[in-house]
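The block underneath contains the structure these notes are about, expressed in structure tokens.
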Amino acid sequence: MKELLKELILIDSSTKEGANQAVEFCKQWLIEHDLQPNLIENNGYKMLVCEIGEGDKTIVFNGHVDVVSGKKDQFIPVEKDGKIFARGAADMKAGVAAMMVALKEMQNQNLGVKIQLQIVSDEEIGGMNCTGYLVENEYRGDFVISSEPTQLGIALQAKGVLRLEVEVTGKSAHGSRPWEGENAIVKAYRAYEKLLELPFTKESSEFYQSPSINLAIISGGEVFNKVPDYCVMSLDIRYLPGQDPDSIVQQIESISDGKVTVGLKGIPVATERDNIFITQLKPVLEKHIGGEAVIFGQHGAADTQFFAAQGIPAIEFGPSGANWHGDNEYIELESLEKYKDILIDYVKTY
């Protein structure tokens, strides 16, 4: 499994072409190990589906091989102190490798459930072309495990995504006489400060103290000697399960006299603790880690959102690592082996 992971890492999959190459590599590896993957393409993005087992229920193993950009040397895996350092090691080629090996080891066993492996190439840019497409085309299952790095904890929830722009208008004037104008940039920032005090920002839940609000981009102004009369704020809001995104937009509109445009809306994930798939996974996990399972909520979004939109219970559950999307990204090899064994033992409970 370690060598499989290293080979996957060597593929710079930070571009569409590279991610497609990584999917093709996974397909060939599965074929060489007597599995029968089905390659699918949508809008130029490749993905594969590979199924084993039989039964009334289907568990989906979902993983992505695309990664965020990195320095050239980050695509050369370095093994040190029981870890592999590289771009994509944690997020999430390690999880993908573990799922592939788990399928290989289970393929000739008498399973009481179907396992459907999905490997996709566009999660980091939203997932619409691959996992979103698969879900729309009935590749769904009854329960979904996304092998994002979770330190072997079970992420039952994930915040929803609301990306929007707020247009703010002012009045231009000479830069030497700003009192004769109305500065749209200043006006926009004051609206942002009011936004931080809106009712939706004060709400909390079991796993989250509050929603996340990121003022990602602020664009306005043309030259030094003119009061800007137009500004656009771009906001990335991660809202809580149970919150209504339309209500959030209405609240923001109430403190701005400008146009509010929603660019992206992704629903939260909220799988229940007492779901039968979770209650079967938890004791298996606890046996392998020798302690109580950590149950938590993710701040970011993942491809689990597409299944949650169809009412399918989905979790993020993967091996231990750190620094994904940053420098010195790594995966812990011991947790990777343990993760693969947990997946296999969990499937055997059926």
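To be explicit about the labels: the chains of the structure tokens are called A, B, and onward in the order shown, and within each one the residues are counted from 1, while ligands get numbers from 1 in the order they are shown.
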
Spatial neighbours of region 223-233 of chain A, max dist 6 Å, only C-alpha atoms, sep filter under 2 positions, as an MDAnalysis selection string = chainID A and resid 165:175 183:185 217:221

Alpha helix (DSSP H) residues, from DSSP on the backbone, in region 16-69 of chain A, as a compact mmCIF listing (two decimals) with N, CA and C atoms, in the first residue's frame:
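Okay, out.txt is ready:
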# COMPACT_ATOMS: atom_id res chain seq x y z
N LYS A 16 -6.35 19.42 -14.41
CA LYS A 16 -7.33 18.45 -14.93
C LYS A 16 -6.62 17.27 -15.58
N GLU A 17 -5.61 17.56 -16.39
CA GLU A 17 -4.88 16.52 -17.09
C GLU A 17 -4.19 15.57 -16.11
N GLY A 18 -3.57 16.14 -15.10
CA GLY A 18 -2.88 15.32 -14.11
C GLY A 18 -3.84 14.47 -13.29
N ALA A 19 -4.99 15.07 -12.91
CA ALA A 19 -5.98 14.32 -12.14
C ALA A 19 -6.56 13.19 -12.97
N ASN A 20 -6.80 13.45 -14.26
CA ASN A 20 -7.28 12.38 -15.15
C ASN A 20 -6.25 11.26 -15.26
N GLN A 21 -4.97 11.64 -15.32
CA GLN A 21 -3.90 10.64 -15.38
C GLN A 21 -3.90 9.78 -14.12
N ALA A 22 -4.15 10.41 -12.97
CA ALA A 22 -4.19 9.67 -11.71
C ALA A 22 -5.35 8.68 -11.69
N VAL A 23 -6.50 9.08 -12.23
CA VAL A 23 -7.65 8.16 -12.32
C VAL A 23 -7.31 6.99 -13.23
N GLU A 24 -6.66 7.27 -14.36
CA GLU A 24 -6.25 6.21 -15.28
C GLU A 24 -5.27 5.25 -14.60
N PHE A 25 -4.37 5.80 -13.79
CA PHE A 25 -3.42 4.96 -13.05
C PHE A 25 -4.17 4.02 -12.10
N CYS A 26 -5.14 4.57 -11.39
CA CYS A 26 -5.93 3.76 -10.46
C CYS A 26 -6.69 2.66 -11.20
N LYS A 27 -7.23 3.02 -12.35
CA LYS A 27 -7.94 2.02 -13.16
C LYS A 27 -7.02 0.87 -13.53
N GLN A 28 -5.81 1.20 -14.00
CA GLN A 28 -4.88 0.15 -14.42
C GLN A 28 -4.45 -0.72 -13.24
N TRP A 29 -4.23 -0.09 -12.09
CA TRP A 29 -3.84 -0.85 -10.89
C TRP A 29 -4.94 -1.83 -10.50
N LEU A 30 -6.19 -1.39 -10.54
CA LEU A 30 -7.32 -2.25 -10.19
C LEU A 30 -7.43 -3.42 -11.17
N ILE A 31 -7.26 -3.13 -12.46
CA ILE A 31 -7.32 -4.19 -13.47
C ILE A 31 -6.21 -5.23 -13.23
N GLU A 32 -5.02 -4.74 -12.91
CA GLU A 32 -3.90 -5.65 -12.66
C GLU A 32 -4.13 -6.53 -11.44

Could you give me, as a VMD selection string, the residues within 8 Å of Tyr346 (chain A), counting only C-alpha atoms and dropping anything in the same chain fewer than 3 positions from it?
-> chain A and resid 280 to 281 284 342 to 343 349 to 350

Nearest to Asp91 (chain A), chosen from A:Lys348, A:His325, A:Lys194, A:Lys187, with only C-alpha atoms counted in the distances =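 Answer, going by the shortest atom-to-atom distance: A:His325.
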
Show which residues sit within 12 Å of His299 (chain A), as a list in words. Count only C-alpha atoms, and ignore same-chain residues fewer than 5 positions away.
-> Thr150, Ala155, Leu156, Gln157, Ala158, Lys159, Gly160, Val161, Phe207, Tyr208, Gln209, Ser210, Pro211, Ser212, Ile213, Ile237, Arg238, Tyr239, Leu240, Pro241, Pro268, Val269 and Glu316 of chain A

So which one's closest to Val96 (chain A), A:Leu336, A:Ile278, A:Leu196, A:Ile52? Using only C-alpha atoms, please.
->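 Among the listed residues, the smallest separation from Val96 (chain A) belongs to A:Leu336.
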
Rank A:Ser234, A:Ser147, A:Ser254, A:Gln109 by their smallest atom-to-atom distance to Asp303 (chain A), using only C-alpha atoms, and report the top residue only.
->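 Of A:Ser234, A:Ser147, A:Ser254, A:Gln109, the one nearest Asp303 (chain A) is A:Ser147, counting only C-alpha atoms.
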
DSSP on the backbone, then: every residue of region 192-322 of chain A marked strand (DSSP E), written as a PyMOL selection string.
-> chain A and resi 212-220+230-239+260-266+269-270+295-298+314-316+321-322

Per-residue nearest contacts region 48-98 of chain A to region 120-132 of chain A, cut-off 6 Å, using only C-alpha atoms, as a tab-separated table:
residue	atom	partner	partner_atom	distance
A:His64	CA	A:Val120	CA	4.6
A:Val65	CA	A:Ser121	CA	5.6
A:Asp66	CA	A:Ser121	CA	5.0

Keeping only N, CA and C atoms, write the selected residues as a PDB file, in the first residue's frame.
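selection_29.pdb, freshly written:
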ATOM      1  N   HIS A  64     -11.045  11.207  -3.818  1.00  0.00           N
ATOM      2  CA  HIS A  64     -10.586  12.020  -4.953  1.00  0.00           C
ATOM      3  C   HIS A  64      -9.068  11.989  -5.063  1.00  0.00           C
ATOM      4  N   VAL A  65      -8.578  12.048  -6.299  1.00  0.00           N
ATOM      5  CA  VAL A  65      -7.135  12.043  -6.541  1.00  0.00           C
ATOM      6  C   VAL A  65      -6.615  13.403  -6.997  1.00  0.00           C
ATOM      7  N   ASP A  66      -7.502  14.370  -7.230  1.00  0.00           N
ATOM      8  CA  ASP A  66      -7.024  15.711  -7.554  1.00  0.00           C
ATOM      9  C   ASP A  66      -6.514  16.375  -6.279  1.00  0.00           C
TER      10      ASP A  66
END

Could you work out how far CA of Leu10 (chain A) lies from CA of Lys338 (chain A), giving the answer in Å with one decimal?
->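 Between CA of Lys338 (chain A) and CA of Leu10 (chain A) the gap works out to 23.3 Å.
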
Of A:His288, A:Lys114, A:Lys83, A:Lys57, the one sitting nearest Gly153 (chain A) when using only C-alpha atoms is A:His288
